[in-house]
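Okay, structure first, notes after.
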Amino acid sequence: MSIILSLIAKYPDVVLCEYSEFVGNFPQITRVVLQKLKPNCKYSIEYDKHKYYYINENKITYLCLSDGISDEAAFSFLNDLKKNLLQNYEIEKVLSLNANQLKGFVDDMKGLMVIWRNKF
């Protein structure tokens with residue numbers, strides 16, 4: 001049970017940063033999933049044997065792909081991710097960025113994934 005991938009994007013589908021320790025076609029599938037997300041909501045989508053969770057607020061999407069974790073744990077991780085991002089960046093700054101311009105946040109994202117992996 002783990003978080004396979006996490007990312008932050010500008011709605012609808014501009015990926016600002018992402019991280020995964022796993023090899024696979026997850027990034028490509030995630031791009032398709034991003035295009036199907038609804039604005040201003042918290043939701044999950046099942047795809048193949050995995051589940052995508054996302055929170056979309058203020059035109060920012062916080063998303064993770066999981067393998068067998070609970071809905072509660074996935075959304076708690078995403079809330080921590082959101083909190084951490086907003087402690088380091090103002091929303092206006094995030095919304096002004098282009099694709100992959102939030103790479104400086106990847107280490108924070110990775111750290112949160114490690115913390116949450118140890119909670120499972």
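Residues are named by chain letter and number: chains run A, B, ... in the order of the structure tokens, numbers start at 1 in each chain, and ligands are numbered from 1 in the order shown.
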Please return as a PDB file with N, CA and C atoms, in the first residue's frame: the residues of stretch 13-98 of chain A that backbone DSSP assigns to strand (DSSP E).
ATOM      1  N   VAL A  14      -2.169  21.791 -16.445  1.00  0.00           N
ATOM      2  CA  VAL A  14      -0.786  22.258 -16.520  1.00  0.00           C
ATOM      3  C   VAL A  14      -0.044  21.742 -15.289  1.00  0.00           C
ATOM      4  N   VAL A  15       0.774  20.720 -15.479  1.00  0.00           N
ATOM      5  CA  VAL A  15       1.502  20.109 -14.365  1.00  0.00           C
ATOM      6  C   VAL A  15       2.659  21.014 -13.960  1.00  0.00           C
ATOM      7  N   LEU A  16       2.625  21.439 -12.702  1.00  0.00           N
ATOM      8  CA  LEU A  16       3.668  22.316 -12.169  1.00  0.00           C
ATOM      9  C   LEU A  16       4.813  21.524 -11.564  1.00  0.00           C
ATOM     10  N   CYS A  17       4.492  20.410 -10.914  1.00  0.00           N
ATOM     11  CA  CYS A  17       5.518  19.507 -10.381  1.00  0.00           C
ATOM     12  C   CYS A  17       4.887  18.157 -10.107  1.00  0.00           C
ATOM     13  N   GLU A  18       5.721  17.118 -10.151  1.00  0.00           N
ATOM     14  CA  GLU A  18       5.245  15.777  -9.851  1.00  0.00           C
ATOM     15  C   GLU A  18       6.418  14.936  -9.371  1.00  0.00           C
ATOM     16  N   TYR A  19       6.065  13.875  -8.662  1.00  0.00           N
ATOM     17  CA  TYR A  19       7.095  12.973  -8.159  1.00  0.00           C
ATOM     18  C   TYR A  19       6.544  11.554  -8.071  1.00  0.00           C
ATOM     19  N   SER A  20       7.383  10.599  -8.439  1.00  0.00           N
ATOM     20  CA  SER A  20       7.073   9.187  -8.278  1.00  0.00           C
ATOM     21  C   SER A  20       8.370   8.420  -8.132  1.00  0.00           C
ATOM     22  N   CYS A  41     -13.581  20.861  -6.344  1.00  0.00           N
ATOM     23  CA  CYS A  41     -14.147  19.710  -5.656  1.00  0.00           C
ATOM     24  C   CYS A  41     -13.048  18.775  -5.151  1.00  0.00           C
ATOM     25  N   LYS A  42     -13.482  17.812  -4.404  1.00  0.00           N
ATOM     26  CA  LYS A  42     -12.624  16.769  -3.842  1.00  0.00           C
ATOM     27  C   LYS A  42     -13.241  15.461  -4.310  1.00  0.00           C
ATOM     28  N   TYR A  43     -12.440  14.604  -4.966  1.00  0.00           N
ATOM     29  CA  TYR A  43     -13.038  13.446  -5.609  1.00  0.00           C
ATOM     30  C   TYR A  43     -11.986  12.362  -5.812  1.00  0.00           C
ATOM     31  N   SER A  44     -12.443  11.177  -6.172  1.00  0.00           N
ATOM     32  CA  SER A  44     -11.527  10.101  -6.533  1.00  0.00           C
ATOM     33  C   SER A  44     -12.039   9.413  -7.794  1.00  0.00           C
ATOM     34  N   ILE A  45     -11.084   8.856  -8.546  1.00  0.00           N
ATOM     35  CA  ILE A  45     -11.394   8.177  -9.795  1.00  0.00           C
ATOM     36  C   ILE A  45     -10.636   6.854  -9.804  1.00  0.00           C
ATOM     37  N   GLU A  46     -11.338   5.774 -10.085  1.00  0.00           N
ATOM     38  CA  GLU A  46     -10.668   4.482 -10.214  1.00  0.00           C
ATOM     39  C   GLU A  46     -10.264   4.289 -11.666  1.00  0.00           C
ATOM     40  N   TYR A  47      -9.023   3.830 -11.842  1.00  0.00           N
ATOM     41  CA  TYR A  47      -8.515   3.556 -13.178  1.00  0.00           C
ATOM     42  C   TYR A  47      -7.640   2.322 -13.093  1.00  0.00           C
ATOM     43  N   HIS A  50      -5.789   0.976  -9.803  1.00  0.00           N
ATOM     44  CA  HIS A  50      -5.338   2.071  -8.948  1.00  0.00           C
ATOM     45  C   HIS A  50      -6.446   3.097  -8.770  1.00  0.00           C
ATOM     46  N   LYS A  51      -6.207   3.996  -7.858  1.00  0.00           N
ATOM     47  CA  LYS A  51      -7.194   5.035  -7.591  1.00  0.00           C
ATOM     48  C   LYS A  51      -6.493   6.398  -7.560  1.00  0.00           C
ATOM     49  N   TYR A  52      -7.046   7.329  -8.296  1.00  0.00           N
ATOM     50  CA  TYR A  52      -6.574   8.718  -8.302  1.00  0.00           C
ATOM     51  C   TYR A  52      -7.451   9.512  -7.341  1.00  0.00           C
ATOM     52  N   TYR A  53      -6.812  10.292  -6.504  1.00  0.00           N
ATOM     53  CA  TYR A  53      -7.513  11.190  -5.592  1.00  0.00           C
ATOM     54  C   TYR A  53      -7.085  12.606  -5.945  1.00  0.00           C
ATOM     55  N   TYR A  54      -8.027  13.528  -5.847  1.00  0.00           N
ATOM     56  CA  TYR A  54      -7.630  14.911  -6.091  1.00  0.00           C
ATOM     57  C   TYR A  54      -8.489  15.878  -5.300  1.00  0.00           C
ATOM     58  N   ILE A  55      -7.866  17.006  -5.031  1.00  0.00           N
ATOM     59  CA  ILE A  55      -8.547  18.168  -4.471  1.00  0.00           C
ATOM     60  C   ILE A  55      -8.261  19.298  -5.444  1.00  0.00           C
ATOM     61  N   ASN A  56      -9.296  19.961  -5.902  1.00  0.00           N
ATOM     62  CA  ASN A  56      -9.125  21.118  -6.769  1.00  0.00           C
ATOM     63  C   ASN A  56      -9.749  22.309  -6.072  1.00  0.00           C
ATOM     64  N   GLU A  57      -8.909  23.271  -5.726  1.00  0.00           N
ATOM     65  CA  GLU A  57      -9.353  24.514  -5.085  1.00  0.00           C
ATOM     66  C   GLU A  57      -8.599  25.678  -5.689  1.00  0.00           C
ATOM     67  N   ILE A  60      -6.101  25.209  -8.479  1.00  0.00           N
ATOM     68  CA  ILE A  60      -4.922  24.387  -8.236  1.00  0.00           C
ATOM     69  C   ILE A  60      -5.392  22.975  -7.914  1.00  0.00           C
ATOM     70  N   THR A  61      -4.790  21.997  -8.583  1.00  0.00           N
ATOM     71  CA  THR A  61      -5.135  20.596  -8.364  1.00  0.00           C
ATOM     72  C   THR A  61      -4.009  19.900  -7.620  1.00  0.00           C
ATOM     73  N   TYR A  62      -4.366  19.238  -6.534  1.00  0.00           N
ATOM     74  CA  TYR A  62      -3.454  18.406  -5.754  1.00  0.00           C
ATOM     75  C   TYR A  62      -3.914  16.977  -6.012  1.00  0.00           C
ATOM     76  N   LEU A  63      -3.053  16.135  -6.555  1.00  0.00           N
ATOM     77  CA  LEU A  63      -3.471  14.813  -6.988  1.00  0.00           C
ATOM     78  C   LEU A  63      -2.478  13.753  -6.538  1.00  0.00           C
ATOM     79  N   CYS A  64      -3.001  12.589  -6.196  1.00  0.00           N
ATOM     80  CA  CYS A  64      -2.123  11.449  -5.937  1.00  0.00           C
ATOM     81  C   CYS A  64      -2.742  10.192  -6.528  1.00  0.00           C
ATOM     82  N   LEU A  65      -1.883   9.274  -6.892  1.00  0.00           N
ATOM     83  CA  LEU A  65      -2.269   7.963  -7.385  1.00  0.00           C
ATOM     84  C   LEU A  65      -1.870   6.973  -6.308  1.00  0.00           C
ATOM     85  N   SER A  66      -2.797   6.132  -5.900  1.00  0.00           N
ATOM     86  CA  SER A  66      -2.509   5.220  -4.801  1.00  0.00           C
ATOM     87  C   SER A  66      -2.735   3.778  -5.187  1.00  0.00           C
ATOM     88  N   ASP A  67      -2.138   2.947  -4.387  1.00  0.00           N
ATOM     89  CA  ASP A  67      -2.275   1.512  -4.537  1.00  0.00           C
ATOM     90  C   ASP A  67      -2.727   0.951  -3.197  1.00  0.00           C
TER      91      ASP A  67
END
Problem - Residue neighbourhood A:Leu86, 12 Å, only C-alpha atoms, exclusion window fewer than 6 positions, as a ChimeraX atom specification - result: /A:8,57-58,60,62,79-80,92-95,105,108
Mind dumping the selected residues with C-alpha atoms as a short mmCIF file (atom, residue, chain, number, x, y, z; two decimals), in the first residue's frame?
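part.cif written:
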data_model
loop_
_atom_site.label_atom_id
_atom_site.label_comp_id
_atom_site.auth_asym_id
_atom_site.auth_seq_id
_atom_site.Cartn_x
_atom_site.Cartn_y
_atom_site.Cartn_z
CA ILE A 8 0.38 19.70 -8.35
CA GLU A 57 -9.35 24.51 -5.09
CA ASN A 58 -8.66 27.98 -6.42
CA ILE A 60 -4.92 24.39 -8.24
CA TYR A 62 -3.45 18.41 -5.75
CA ASN A 79 -4.43 18.20 2.52
CA ASP A 80 -0.89 18.07 3.91
CA GLU A 92 -1.06 34.10 -7.07
CA LYS A 93 2.56 32.98 -7.54
CA VAL A 94 1.51 29.37 -8.17
CA LEU A 95 -1.14 30.46 -10.67
CA PHE A 105 8.81 21.88 -4.43
CA ASP A 108 8.93 18.71 -0.13
#
Practice task
Name the residues of chain A that fall into helix (DSSP H, G or I) according to DSSP on the backbone, using the chain letters and numbers of this document, as an MDAnalysis selection string.
Solution key: chainID A and resid 26:34 71:88 91:96 103:119
Restricting it to C-alpha atoms, dump the selection as a PDB file, in the first residue's frame.
ATOM      1  CA  PHE A  26       1.586   6.627 -14.613  1.00  0.00           C
ATOM      2  CA  PRO A  27       2.588  10.131 -15.788  1.00  0.00           C
ATOM      3  CA  GLN A  28       0.961   9.606 -19.181  1.00  0.00           C
ATOM      4  CA  ILE A  29      -2.251   8.233 -17.708  1.00  0.00           C
ATOM      5  CA  THR A  30      -2.305  11.049 -15.167  1.00  0.00           C
ATOM      6  CA  ARG A  31      -2.346  13.607 -18.011  1.00  0.00           C
ATOM      7  CA  VAL A  32      -5.512  11.974 -19.358  1.00  0.00           C
ATOM      8  CA  VAL A  33      -7.077  11.886 -15.895  1.00  0.00           C
ATOM      9  CA  LEU A  34      -6.279  15.590 -15.325  1.00  0.00           C
ATOM     10  CA  ASP A  71      -9.736   7.284   1.008  1.00  0.00           C
ATOM     11  CA  GLU A  72      -9.216   9.039   4.333  1.00  0.00           C
ATOM     12  CA  ALA A  73      -5.435   8.574   4.194  1.00  0.00           C
ATOM     13  CA  ALA A  74      -5.215   9.749   0.567  1.00  0.00           C
ATOM     14  CA  PHE A  75      -7.185  12.929   1.225  1.00  0.00           C
ATOM     15  CA  SER A  76      -5.196  13.578   4.411  1.00  0.00           C
ATOM     16  CA  PHE A  77      -1.996  13.333   2.365  1.00  0.00           C
ATOM     17  CA  LEU A  78      -3.413  15.760  -0.209  1.00  0.00           C
ATOM     18  CA  ASN A  79      -4.433  18.200   2.516  1.00  0.00           C
ATOM     19  CA  ASP A  80      -0.891  18.066   3.906  1.00  0.00           C
ATOM     20  CA  LEU A  81       0.480  18.633   0.405  1.00  0.00           C
ATOM     21  CA  LYS A  82      -1.793  21.643  -0.064  1.00  0.00           C
ATOM     22  CA  LYS A  83      -0.897  23.056   3.352  1.00  0.00           C
ATOM     23  CA  ASN A  84       2.811  22.661   2.689  1.00  0.00           C
ATOM     24  CA  LEU A  85       2.579  24.321  -0.726  1.00  0.00           C
ATOM     25  CA  LEU A  86       0.607  27.291   0.579  1.00  0.00           C
ATOM     26  CA  GLN A  87       3.060  27.779   3.449  1.00  0.00           C
ATOM     27  CA  ASN A  88       5.823  28.200   0.863  1.00  0.00           C
ATOM     28  CA  ILE A  91      -1.620  31.253  -4.602  1.00  0.00           C
ATOM     29  CA  GLU A  92      -1.061  34.098  -7.068  1.00  0.00           C
ATOM     30  CA  LYS A  93       2.558  32.983  -7.538  1.00  0.00           C
ATOM     31  CA  VAL A  94       1.506  29.369  -8.167  1.00  0.00           C
ATOM     32  CA  LEU A  95      -1.142  30.460 -10.669  1.00  0.00           C
ATOM     33  CA  SER A  96       1.428  32.544 -12.565  1.00  0.00           C
ATOM     34  CA  LYS A 103      10.316  21.785  -9.482  1.00  0.00           C
ATOM     35  CA  GLY A 104      11.756  23.361  -6.334  1.00  0.00           C
ATOM     36  CA  PHE A 105       8.814  21.881  -4.432  1.00  0.00           C
ATOM     37  CA  VAL A 106       9.517  18.278  -5.477  1.00  0.00           C
ATOM     38  CA  ASP A 107      11.752  17.615  -2.452  1.00  0.00           C
ATOM     39  CA  ASP A 108       8.932  18.710  -0.132  1.00  0.00           C
ATOM     40  CA  MET A 109       6.523  16.471  -2.035  1.00  0.00           C
ATOM     41  CA  LYS A 110       8.917  13.528  -1.799  1.00  0.00           C
ATOM     42  CA  GLY A 111       9.347  14.119   1.943  1.00  0.00           C
ATOM     43  CA  LEU A 112       5.599  14.077   2.495  1.00  0.00           C
ATOM     44  CA  MET A 113       5.265  10.866   0.513  1.00  0.00           C
ATOM     45  CA  VAL A 114       7.914   9.218   2.708  1.00  0.00           C
ATOM     46  CA  ILE A 115       6.179  10.407   5.877  1.00  0.00           C
ATOM     47  CA  TRP A 116       2.824   9.087   4.675  1.00  0.00           C
ATOM     48  CA  ARG A 117       4.332   5.808   3.441  1.00  0.00           C
ATOM     49  CA  ASN A 118       5.498   5.161   7.012  1.00  0.00           C
ATOM     50  CA  LYS A 119       1.947   5.754   8.285  1.00  0.00           C
TER      51      LYS A 119
END
